[in-house]
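Dropping upload-v5.txt in here (compact mmCIF, C-alpha atoms):
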# COMPACT_ATOMS: atom_id res chain seq x y z
CA MET A 1 235.75 262.95 -29.89
CA ALA A 2 237.80 260.44 -27.91
CA TYR A 3 241.19 261.64 -26.84
CA ILE A 4 243.95 259.09 -27.32
CA SER A 5 244.93 259.76 -23.73
CA LEU A 6 241.67 259.09 -21.96
CA ASN A 7 241.70 255.72 -20.27
CA ASN A 8 238.90 254.43 -22.41
CA GLY A 9 240.29 256.15 -25.51
CA TYR A 10 242.72 253.29 -26.05
CA THR A 11 241.09 250.34 -27.69
CA TYR A 12 241.65 248.17 -24.63
CA GLY A 13 242.27 250.81 -21.95
CA ILE A 14 244.96 250.36 -19.31
CA ARG A 15 246.62 246.95 -19.12
CA THR A 16 249.70 245.08 -17.98
CA LEU A 17 251.78 243.13 -20.47
CA ALA A 18 250.60 239.83 -19.00
CA ASN A 19 246.99 240.99 -19.30
CA ARG A 20 247.26 242.05 -22.93
CA PRO A 21 244.34 241.11 -25.19
CA THR A 22 244.95 237.99 -27.26
CA THR A 23 241.79 237.37 -29.23
CA GLY A 24 239.71 239.27 -31.76
CA LEU A 25 242.50 241.74 -32.48
CA SER A 26 242.82 244.11 -35.42
CA ALA A 27 245.98 245.87 -36.55
CA GLY A 28 246.27 249.36 -35.13
CA GLU A 29 244.44 248.68 -31.90
CA THR A 30 246.03 250.02 -28.72
CA PHE A 31 246.31 249.80 -24.96
CA PHE A 32 248.43 251.66 -22.44
CA CYS A 33 250.84 249.25 -20.75
CA THR A 34 251.62 250.03 -17.12
CA ASP A 35 254.61 247.66 -17.03
CA ASN A 36 256.74 249.65 -19.47
CA ASN A 37 254.65 252.85 -19.59
CA ARG A 38 254.19 252.64 -23.34
CA VAL A 39 251.26 252.79 -25.71
CA MET A 40 251.18 249.31 -27.21
CA THR A 41 249.92 248.92 -30.76
CA TYR A 42 248.87 245.67 -32.37
CA ASP A 43 250.71 245.25 -35.68
CA GLY A 44 248.68 242.27 -36.88
CA THR A 45 251.00 239.77 -35.19
CA PHE A 46 252.43 241.26 -32.00
CA TRP A 47 251.73 243.99 -29.52
CA VAL A 48 254.62 246.37 -30.16
CA CYS A 49 255.99 249.73 -29.10
CA ASP A 50 258.95 251.95 -29.84
CA ASP A 51 261.21 249.87 -27.57
CA PHE A 52 260.98 246.71 -29.67
CA VAL A 53 262.72 245.15 -32.63
CA VAL A 54 261.75 241.84 -34.26
CA MET A 55 264.34 239.20 -35.17
CA VAL A 56 264.06 235.53 -36.12
CA ASN A 57 264.84 233.11 -33.31
CA ARG A 58 267.73 230.95 -34.59
CA SER A 59 268.81 229.73 -31.17
CA GLY A 60 267.65 226.17 -31.85
CA VAL A 61 265.32 226.25 -28.88
CA THR A 62 262.27 228.16 -27.70
CA LEU A 63 263.21 231.56 -26.32
CA ASN A 64 261.43 232.37 -23.10
CA GLN A 65 260.18 235.74 -21.92
CA TRP A 66 263.04 237.82 -20.44
CA ASP A 67 265.79 235.69 -21.96
CA LEU A 68 268.77 237.80 -22.94
CA VAL A 69 269.75 237.55 -26.60
CA ILE A 70 272.48 238.69 -28.97
CA VAL A 71 272.30 239.38 -32.67
CA GLN A 72 273.36 236.38 -34.74
CA GLN A 73 276.26 236.94 -37.06
CA GLY A 74 276.65 235.05 -40.32
CA GLY A 75 272.95 234.58 -40.90
CA THR A 76 271.24 234.73 -44.25
CA SER A 77 271.14 237.79 -46.49
CA THR A 78 267.41 238.16 -46.03
CA GLU A 79 266.87 237.98 -42.31
CA ILE A 80 268.28 239.30 -39.09
CA SER A 81 268.22 236.79 -36.30
CA CYS A 82 268.97 236.40 -32.62
CA VAL A 83 270.44 233.66 -30.46
CA ARG A 84 271.37 233.15 -26.85
CA THR A 85 275.02 233.28 -25.81
CA THR A 86 277.30 231.63 -23.27
CA THR A 87 279.99 234.29 -23.68
CA SER A 88 280.33 236.65 -20.76
CA GLY A 89 280.40 240.33 -21.71
CA ASN A 90 279.30 239.69 -25.28
CA PRO A 91 279.24 243.03 -27.15
CA LEU A 92 276.63 241.66 -29.56
CA VAL A 93 273.96 241.85 -26.86
CA VAL A 94 270.68 243.22 -28.22
CA GLY A 95 268.07 243.04 -25.48
CA VAL A 96 265.51 240.82 -23.78
CA VAL A 97 262.80 238.60 -25.23
CA VAL A 98 259.36 240.08 -24.64
CA TYR A 99 257.15 237.21 -25.78
CA GLN A 100 258.06 233.51 -25.82
CA ALA A 101 259.20 232.57 -29.34
CA LEU A 102 259.60 229.14 -30.92
CA ASN A 103 262.79 228.32 -32.78
CA GLY A 104 262.52 229.73 -36.31
CA ALA A 105 259.71 232.12 -35.41
CA ASN A 106 259.85 235.89 -35.16
CA CYS A 107 260.93 237.08 -31.74
CA VAL A 108 260.09 240.46 -30.20
CA ILE A 109 263.05 241.97 -28.34
CA ALA A 110 263.08 245.01 -26.07
CA VAL A 111 266.19 247.10 -26.80
CA LYS A 112 265.49 250.00 -24.45
CA GLY A 113 263.20 250.91 -21.59
CA ASN A 114 261.96 249.38 -18.33
CA TYR A 115 261.74 245.57 -18.54
CA ARG A 116 262.94 242.37 -16.82
CA VAL A 117 265.79 240.01 -17.55
CA ALA A 118 266.79 236.51 -16.52
CA VAL A 119 269.93 236.44 -14.37
CA ALA A 120 272.31 233.56 -13.73
CA SER A 121 273.13 234.39 -10.14
CA ALA A 122 272.53 236.76 -7.24
CA THR A 123 272.10 240.31 -8.50
CA SER A 124 272.16 243.51 -6.49
CA LEU A 125 270.22 246.71 -6.98
CA GLY A 126 271.97 249.04 -9.38
CA ALA A 127 274.25 246.34 -10.80
CA ASP A 128 275.41 246.94 -14.37
CA LEU A 129 274.36 243.92 -16.39
CA THR A 130 275.99 241.98 -19.18
CA THR A 131 275.76 238.53 -20.73
CA SER A 132 276.89 235.46 -18.79
CA ALA A 133 278.13 231.92 -19.33
CA THR A 134 274.57 230.75 -18.68
CA SER A 135 272.67 230.75 -21.95
CA GLY A 136 269.99 233.43 -22.06
CA SER A 137 270.83 234.90 -18.68
CA ALA A 138 272.55 238.08 -17.58
CA GLN A 139 275.06 238.61 -14.82
CA THR A 140 276.61 241.51 -12.98
CA ASN A 141 279.41 243.05 -14.99
CA ALA A 142 282.78 242.20 -13.46
CA GLY A 143 285.41 244.84 -12.95
CA ILE A 144 285.67 247.84 -15.24
CA PHE A 145 282.52 249.12 -16.87
CA SER A 146 283.10 247.63 -20.26
CA LYS A 147 281.68 246.36 -23.50
CA GLY A 148 278.59 244.19 -23.46
CA VAL A 149 276.85 246.11 -20.71
CA PHE A 150 273.23 246.56 -21.72
CA GLY A 151 271.59 248.01 -18.62
CA PHE A 152 271.16 248.19 -14.88
CA ALA A 153 269.21 246.17 -12.33
CA THR A 154 266.39 248.03 -10.59
CA SER A 155 265.43 245.11 -8.35
CA SER A 156 267.52 242.37 -6.77
CA THR A 157 267.57 238.62 -6.34
CA ALA A 158 269.44 236.33 -3.97
CA GLY A 159 270.13 233.78 -6.67
CA ALA A 160 269.35 232.86 -10.26
CA GLY A 161 266.00 234.23 -11.39
CA GLN A 162 264.78 237.50 -12.85
CA VAL A 163 265.26 241.14 -11.99
CA ASP A 164 263.70 244.38 -13.15
CA CYS A 165 266.07 246.36 -15.29
CA ILE A 166 266.48 249.39 -17.46
CA ILE A 167 267.87 248.62 -20.90
CA MET A 168 270.14 251.24 -22.38
CA ALA A 169 270.45 252.20 -26.00
CA ARG A 170 274.23 252.69 -25.94
CA LYS A 171 276.28 251.15 -28.67
CA GLU A 172 278.80 253.69 -29.91
CA LEU A 173 282.14 252.08 -29.15
CA ILE A 174 285.45 253.77 -28.60
CA MET B 1 242.76 265.27 -47.73
CA ALA B 2 242.82 266.53 -44.18
CA TYR B 3 245.07 264.68 -41.79
CA ARG B 4 243.89 264.10 -38.26
CA GLY B 5 246.02 265.75 -35.61
CA GLN B 6 247.18 264.31 -32.33
CA ASN B 7 244.23 264.22 -29.98
CA THR B 8 246.20 264.60 -26.79
CA LYS B 9 244.20 265.31 -23.68
CA TYR B 10 246.13 268.39 -22.62
CA GLY B 11 247.08 269.84 -26.01
CA ASN B 12 250.47 271.46 -26.67
CA LEU B 13 252.67 272.48 -23.73
CA THR B 14 256.35 272.85 -22.87
CA THR B 15 258.07 270.49 -20.44
CA SER B 16 257.93 273.15 -17.75
CA GLN B 17 254.23 273.79 -18.34
CA ILE B 18 253.46 270.08 -18.27
CA ALA B 19 255.31 269.66 -14.99
CA THR B 20 253.71 272.63 -13.23
CA ASN B 21 250.38 273.45 -14.84
CA ILE B 22 248.63 270.12 -15.27
CA THR B 23 246.66 268.65 -12.40
CA GLY B 24 244.22 265.78 -12.05
CA MET B 25 245.92 263.62 -14.66
CA GLN B 26 245.24 259.89 -14.86
CA VAL B 27 247.24 256.87 -15.99
CA GLY B 28 247.60 256.92 -19.77
CA ASP B 29 246.81 260.62 -20.19
CA SER B 30 248.86 262.39 -22.85
CA VAL B 31 250.14 265.80 -23.84
CA PHE B 32 252.12 267.06 -26.83
CA ASN B 33 255.49 268.30 -25.58
CA THR B 34 256.49 271.28 -27.72
CA ASP B 35 260.09 271.26 -26.43
CA TYR B 36 260.64 267.95 -28.16
CA GLY B 37 257.80 267.56 -30.65
CA ARG B 38 256.60 264.31 -29.12
CA VAL B 39 253.75 262.91 -27.04
CA ASP B 40 254.33 262.44 -23.32
CA PHE B 41 252.25 259.99 -21.27
CA TYR B 42 251.38 259.96 -17.59
CA THR B 43 252.21 256.75 -15.75
CA GLY B 44 250.29 257.52 -12.61
CA SER B 45 253.34 259.03 -10.95
CA VAL B 46 255.38 260.83 -13.63
CA TRP B 47 255.23 262.04 -17.23
CA THR B 48 257.35 259.97 -19.61
CA ASN B 49 257.69 259.15 -23.32
CA ASN B 50 259.07 256.59 -25.72
CA ASN B 51 262.65 257.87 -25.32
CA SER B 52 262.62 257.65 -21.54
CA ILE B 53 262.75 255.17 -18.69
CA THR B 54 261.22 255.64 -15.26
CA ILE B 55 263.15 255.14 -12.04
CA THR B 56 263.11 256.11 -8.37
CA ALA B 57 265.10 259.21 -7.49
CA GLY B 58 267.90 258.75 -4.97
CA ALA B 59 268.14 262.52 -4.46
CA THR B 60 266.48 265.68 -5.70
CA ILE B 61 266.92 265.74 -9.47
CA THR B 62 265.72 268.43 -11.85
CA GLU B 63 265.14 268.72 -15.58
CA GLY B 64 268.31 268.48 -17.65
CA GLN B 65 270.59 266.89 -15.09
CA ILE B 66 272.67 263.82 -16.05
CA CYS B 67 272.04 260.80 -13.89
CA ARG B 68 273.59 257.48 -13.03
CA ILE B 69 272.27 254.49 -11.10
CA ASN B 70 273.47 253.99 -7.52
CA ALA B 71 273.82 250.82 -5.47
CA SER B 72 270.20 251.13 -4.41
CA GLY B 73 269.03 251.02 -8.01
CA GLN B 74 268.03 254.68 -7.85
CA ALA B 75 268.95 257.66 -9.99
CA ILE B 76 271.50 260.13 -8.64
CA LEU B 77 273.49 262.89 -10.27
CA LEU B 78 276.47 261.82 -12.30
CA GLY B 79 279.58 263.17 -10.60
CA THR B 80 282.90 264.48 -11.77
CA PRO B 81 284.67 263.27 -14.93
CA SER B 82 287.05 261.15 -12.87
CA SER B 83 284.30 259.32 -11.01
CA ASN B 84 282.50 256.65 -12.99
CA ALA B 85 281.96 258.93 -15.95
CA GLU B 86 280.88 255.99 -18.06
CA PHE B 87 277.92 255.24 -15.81
CA GLY B 88 275.74 258.01 -17.15
CA VAL B 89 272.41 256.53 -18.17
CA GLY B 90 270.12 259.41 -19.00
CA ILE B 91 269.00 262.99 -18.71
CA CYS B 92 266.22 263.97 -16.34
CA GLY B 93 263.08 264.85 -18.27
CA TYR B 94 260.69 265.17 -15.36
CA GLY B 95 262.37 265.41 -11.97
CA GLY B 96 261.48 264.86 -8.35
CA THR B 97 262.80 264.44 -4.85
CA LEU B 98 264.20 261.45 -2.97
CA GLY B 99 261.91 258.48 -3.34
CA GLN B 100 259.76 259.92 -6.09
CA THR B 101 259.56 258.40 -9.55
CA ILE B 102 261.29 260.44 -12.24
CA SER B 103 261.80 259.94 -15.96
CA LEU B 104 265.19 259.85 -17.65
CA ILE B 105 265.65 260.43 -21.37
CA VAL B 106 267.97 257.67 -22.59
CA CYS B 107 267.98 258.18 -26.35
CA GLY B 108 267.09 260.74 -28.97
CA VAL B 109 267.35 264.42 -28.08
CA ALA B 110 267.44 265.79 -24.54
CA LYS B 111 267.79 269.23 -22.98
CA CYS B 112 270.85 269.10 -20.72
CA ARG B 113 271.93 271.41 -17.92
CA VAL B 114 275.05 273.34 -18.97
CA GLY B 115 277.99 273.56 -16.56
CA VAL B 116 280.22 276.51 -15.80
CA ALA B 117 282.06 276.56 -19.13
CA GLY B 118 279.11 276.63 -21.51
CA VAL B 119 278.75 274.35 -24.54
CA THR B 120 279.36 274.78 -28.27
CA LEU B 121 277.23 273.55 -31.15
CA GLY B 122 278.64 270.42 -32.80
CA GLN B 123 281.03 269.42 -30.02
CA TYR B 124 280.78 266.30 -27.85
CA ALA B 125 278.78 266.68 -24.67
CA THR B 126 280.41 265.16 -21.62
CA ILE B 127 279.99 265.56 -17.91
CA SER B 128 281.43 268.67 -16.30
CA SER B 129 283.00 269.25 -12.91
CA THR B 130 279.55 270.26 -11.69
CA ALA B 131 277.59 267.13 -10.85
CA GLY B 132 274.73 266.50 -13.23
CA SER B 133 275.71 269.09 -15.83
CA ILE B 134 277.60 269.02 -19.11
CA VAL B 135 280.54 270.63 -20.81
CA SER B 136 281.50 270.26 -24.47
CA THR B 137 284.76 268.92 -25.90
CA THR B 138 286.20 268.54 -29.39
CA ALA B 139 286.98 264.83 -28.97
CA ALA B 140 284.93 261.93 -27.65
CA SER B 141 285.99 259.99 -24.60
CA ILE B 142 284.49 257.64 -22.04
CA GLY B 143 281.70 259.58 -20.44
CA ALA B 144 280.68 261.40 -23.60
CA LEU B 145 276.93 261.29 -23.94
CA GLY B 146 276.25 262.87 -27.31
CA ARG B 147 276.58 265.85 -29.62
CA VAL B 148 275.66 269.37 -28.65
CA LEU B 149 272.92 270.77 -30.88
CA GLN B 150 272.83 274.28 -29.44
CA THR B 151 275.48 276.72 -28.23
CA GLN B 152 274.47 277.69 -24.73
CA THR B 153 275.87 279.45 -21.68
CA SER B 154 276.30 278.19 -18.13
CA GLY B 155 273.22 277.35 -16.14
CA ASN B 156 270.87 277.04 -19.10
CA LEU B 157 269.50 274.02 -20.92
CA ALA B 158 271.02 272.97 -24.25
CA TYR B 159 269.71 270.40 -26.72
CA VAL B 160 271.97 267.35 -27.02
CA MET B 161 271.65 264.40 -29.39
CA LEU B 162 272.26 261.48 -27.04
CA SER B 163 274.74 258.76 -27.94
CA PHE B 164 276.20 257.29 -24.80
CA ILE B 165 279.71 256.00 -25.42
CA GLU B 166 280.66 252.45 -24.54
CA ARG B 167 284.18 251.23 -23.91
CA ALA B 168 285.26 248.87 -26.70
What is this structure when it is put down as structure tokens?
Amino acid sequence: MAYISLNNGYTYGIRTLANRPTTGLSAGETFFCTDNNRVMTYDGTFWVCDDFVVMVNRSGVTLNQWDLVIVQQGGTSTEISCVRTTTSGNPLVVGVVVYQALNGANCVIAVKGNYRVAVASATSLGADLTTSATSGSAQTNAGIFSKGVFGFATSSTAGAGQVDCIIMARKELI
Amino acid sequence: MAYRGQNTKYGNLTTSQIATNITGMQVGDSVFNTDYGRVDFYTGSVWTNNNSITITAGATITEGQICRINASGQAILLGTPSSNAEFGVGICGYGGTLGQTISLIVCGVAKCRVGVAGVTLGQYATISSTAGSIVSTTAASIGALGRVLQTQTSGNLAYVMLSFIERA
């Protein structure tokens, strides 16, 4: 009997997200991802885990991996969709794009866990992160810890780029 | 029809047993955590699960303590209610010392260290005057981190349904 935890017990063993299998896949297959420390399961379309939600990309452009997105308001009655924002501190922030998604296609978004995010400017370790005026990018929250904060930086950058981050599931407002 | 059970490598253990009894684990290994009724996975440096994130410890942190992120991007104990109470990010599931990787539970249910006053079932859990521990209140405020699911006395662990509060 193969344990689900043995390295070779997962369908594809131990992998990184970038090294995920892309061909010959069947729904229900698995690998253990060392980037986010999750068991990834193939759902027939995407590799998914408990950290992800799927929304339609209605941003009008291709969403790139680690773009920051918000939920789109005023969409149709049959779909939930995401867009990028140029509003700093936007409380509609959802999470970061996991796989590049064309406009109009389903987009996998990480809403909690250890991931990366695009940032608009220099970002320090431990910075609390929110949306910025740069579409799809985060920035360090200014001033009081406030609405729109979605996580914290766990690596730094001297300018615009990407940082590691933890994404928080925290959306009860008072 | 017989359902197939969870084929975890190490079977059913409590958090404490997982942390102290298991040796020789490898990346991707799993165990069923009976404290929470969920599967924990080994990352190569710490046990974690789908409700947790992993992060470097900025100090010694033990199971149940509330943590925040410091300016080095590391986890430290959340301090007093008047000091950045809103920065709480998670509860230590599997702890460690300075520089080690630990896991923090950031959603779902977590066992939290109870401060000097004890906590009462149904009340809001918020940070106490003892760094890293909780007290319960009848009203929510900035710094509240969830609802207490278990009346418990000082120094013990109490189950809390996490719901970190954000300032509107």
What lies within 9 Å of Gln123 (chain B) using all atoms listed in the file, ignoring chain neighbours under 3 positions off, as an mmCIF file with C-alpha atoms, in the coordinates of the input?
data_model
loop_
_atom_site.group_PDB
_atom_site.id
_atom_site.type_symbol
_atom_site.label_atom_id
_atom_site.label_comp_id
_atom_site.auth_asym_id
_atom_site.auth_seq_id
_atom_site.Cartn_x
_atom_site.Cartn_y
_atom_site.Cartn_z
ATOM 1 C CA VAL B 119 278.750 274.350 -24.540
ATOM 2 C CA THR B 120 279.360 274.780 -28.270
ATOM 3 C CA SER B 136 281.500 270.260 -24.470
ATOM 4 C CA THR B 137 284.760 268.920 -25.900
ATOM 5 C CA THR B 138 286.200 268.540 -29.390
ATOM 6 C CA ALA B 139 286.980 264.830 -28.970
ATOM 7 C CA ALA B 140 284.930 261.930 -27.650
ATOM 8 C CA GLY B 146 276.250 262.870 -27.310
ATOM 9 C CA ARG B 147 276.580 265.850 -29.620
ATOM 10 C CA VAL B 148 275.660 269.370 -28.650
ATOM 11 C CA LEU B 149 272.920 270.770 -30.880
#
Do a neighbour search on Ser103 (chain B) at 9 Å with all atoms listed in the file, toss out local chain neighbours closer than 4 positions, and write the hits as a PDB file with C-alpha atoms, in the coordinates of the input.
ATOM      1  CA  VAL B  46     255.380 260.830 -13.630  1.00  0.00           C
ATOM      2  CA  TRP B  47     255.230 262.040 -17.230  1.00  0.00           C
ATOM      3  CA  THR B  48     257.350 259.970 -19.610  1.00  0.00           C
ATOM      4  CA  ASN B  49     257.690 259.150 -23.320  1.00  0.00           C
ATOM      5  CA  SER B  52     262.620 257.650 -21.540  1.00  0.00           C
ATOM      6  CA  ILE B  53     262.750 255.170 -18.690  1.00  0.00           C
ATOM      7  CA  THR B  54     261.220 255.640 -15.260  1.00  0.00           C
ATOM      8  CA  ILE B  55     263.150 255.140 -12.040  1.00  0.00           C
ATOM      9  CA  THR B  56     263.110 256.110  -8.370  1.00  0.00           C
ATOM     10  CA  GLY B  90     270.120 259.410 -19.000  1.00  0.00           C
ATOM     11  CA  ILE B  91     269.000 262.990 -18.710  1.00  0.00           C
ATOM     12  CA  CYS B  92     266.220 263.970 -16.340  1.00  0.00           C
ATOM     13  CA  GLY B  93     263.080 264.850 -18.270  1.00  0.00           C
ATOM     14  CA  TYR B  94     260.690 265.170 -15.360  1.00  0.00           C
ATOM     15  CA  GLY B  95     262.370 265.410 -11.970  1.00  0.00           C
TER      16      GLY B  95
END
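With CA of Ala133 (chain A) on one side and CA of Val117 (chain A) on the other, the separation reads 14.9 Å.
Relative to CA of Ser129 (chain B), CA of Gln74 (chain B) is found at 21.5 Å.
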Review point. Which one is closest to Val149 (chain A): A:Ile166, A:Thr87, A:Thr130, A:Val94? Count only C-alpha atoms.
Key: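 Looking only at the distances to Val149 (chain A), the closest residue turns out to be A:Thr130.
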Revision key, fill the gap. re CA of Val93 (chain A) and CA of Asn141 (chain A): distance 13.1 Å
Exercise for review: Could you check which of A:Arg38, A:Arg58, A:Arg15, A:Arg116 is closest to chain B, using all atoms listed in the file?
Suggested key: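 Using all atoms listed in the file, chain B sits closest to A:Arg38.
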Exercise for review: Kindly provide, as a count of residues only, the residues of chain B having any atom no farther than 8 Å from an atom of chain A, counting all atoms listed in the file.
Suggested key: 39
Exercise for review: Just the residues within 7 Å of Thr97 (chain B), please, counting all atoms listed in the file, with nothing from its chain fewer than 5 positions along; format it as an MDAnalysis selection string.
Suggested key: chainID B and resid 57 59:61
Exercise for review: Using only C-alpha atoms, give me every residue within 10 Å of (247.6, 244.1, -39.6) in file coordinates, as an NGL selection string.
Suggested key: :A and (25-29 or 42-46)
Please dump the current selection as a PDB file, in the coordinates of the input; keep C-alpha atoms.
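Below is the file that was written, again-v8.pdb:
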ATOM      1  CA  LEU A  25     242.500 241.740 -32.480  1.00  0.00           C
ATOM      2  CA  SER A  26     242.820 244.110 -35.420  1.00  0.00           C
ATOM      3  CA  ALA A  27     245.980 245.870 -36.550  1.00  0.00           C
ATOM      4  CA  GLY A  28     246.270 249.360 -35.130  1.00  0.00           C
ATOM      5  CA  GLU A  29     244.440 248.680 -31.900  1.00  0.00           C
ATOM      6  CA  TYR A  42     248.870 245.670 -32.370  1.00  0.00           C
ATOM      7  CA  ASP A  43     250.710 245.250 -35.680  1.00  0.00           C
ATOM      8  CA  GLY A  44     248.680 242.270 -36.880  1.00  0.00           C
ATOM      9  CA  THR A  45     251.000 239.770 -35.190  1.00  0.00           C
ATOM     10  CA  PHE A  46     252.430 241.260 -32.000  1.00  0.00           C
TER      11      PHE A  46
END
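Among the candidates A:Ala118, A:Leu63, A:Ile70, A:Ala138, the one nearest to Tyr99 (chain A) when counting only C-alpha atoms is A:Leu63.
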**Study point:** Contacts of Ser121 (chain A) within 7 Å, only C-alpha atoms, excl. fewer than 6 positions in-chain, as a PyMOL selection string
**Key:** chain A and resi 139+159-160
Mind dumping region 110-156 of chain A from that block, keeping C-alpha atoms, as a short mmCIF file (atom, residue, chain, number, x, y, z; two decimals), in the first residue's frame?
data_model
loop_
_atom_site.label_atom_id
_atom_site.label_comp_id
_atom_site.auth_asym_id
_atom_site.auth_seq_id
_atom_site.Cartn_x
_atom_site.Cartn_y
_atom_site.Cartn_z
CA ALA A 110 -3.94 32.43 -4.01
CA VAL A 111 -5.92 33.93 -1.12
CA LYS A 112 -3.80 32.62 1.75
CA GLY A 113 -0.43 31.01 2.35
CA ASN A 114 3.20 31.52 1.32
CA TYR A 115 3.48 33.01 -2.18
CA ARG A 116 5.02 35.94 -4.10
CA VAL A 117 3.61 39.25 -5.23
CA ALA A 118 4.60 41.97 -7.67
CA VAL A 119 5.53 45.23 -5.95
CA ALA A 120 5.62 48.74 -7.39
CA SER A 121 8.59 50.01 -5.43
CA ALA A 122 11.24 49.17 -2.85
CA THR A 123 9.84 46.85 -0.21
CA SER A 124 11.35 45.97 3.15
CA LEU A 125 11.21 42.72 5.08
CA GLY A 126 8.12 42.53 7.23
CA ALA A 127 6.30 45.32 5.40
CA ASP A 128 2.51 45.10 5.50
CA LEU A 129 1.31 45.06 1.92
CA THR A 130 -1.65 46.60 0.16
CA THR A 131 -2.64 47.57 -3.37
CA SER A 132 -0.89 50.44 -5.14
CA ALA A 133 -1.43 52.97 -7.91
CA THR A 134 0.52 50.65 -10.20
CA SER A 135 -1.87 48.18 -11.77
CA GLY A 136 -1.34 44.65 -10.49
CA SER A 137 1.36 45.58 -8.02
CA ALA A 138 1.45 45.87 -4.25
CA GLN A 139 3.10 48.49 -2.10
CA THR A 140 3.98 48.96 1.54
CA ASN A 141 0.97 50.11 3.51
CA ALA A 142 1.33 53.76 4.48
CA GLY A 143 0.61 54.92 7.98
CA ILE A 144 -1.93 53.18 10.16
CA PHE A 145 -2.51 49.49 9.63
CA SER A 146 -5.71 49.77 7.71
CA LYS A 147 -8.11 48.30 5.21
CA GLY A 148 -6.77 46.68 2.08
CA VAL A 149 -3.81 45.04 3.76
CA PHE A 150 -3.55 41.49 2.47
CA GLY A 151 -0.25 40.24 3.87
CA PHE A 152 3.37 40.78 4.79
CA ALA A 153 6.63 40.71 2.86
CA THR A 154 9.03 37.93 3.82
CA SER A 155 11.76 39.03 1.42
CA SER A 156 12.81 42.47 0.22
#
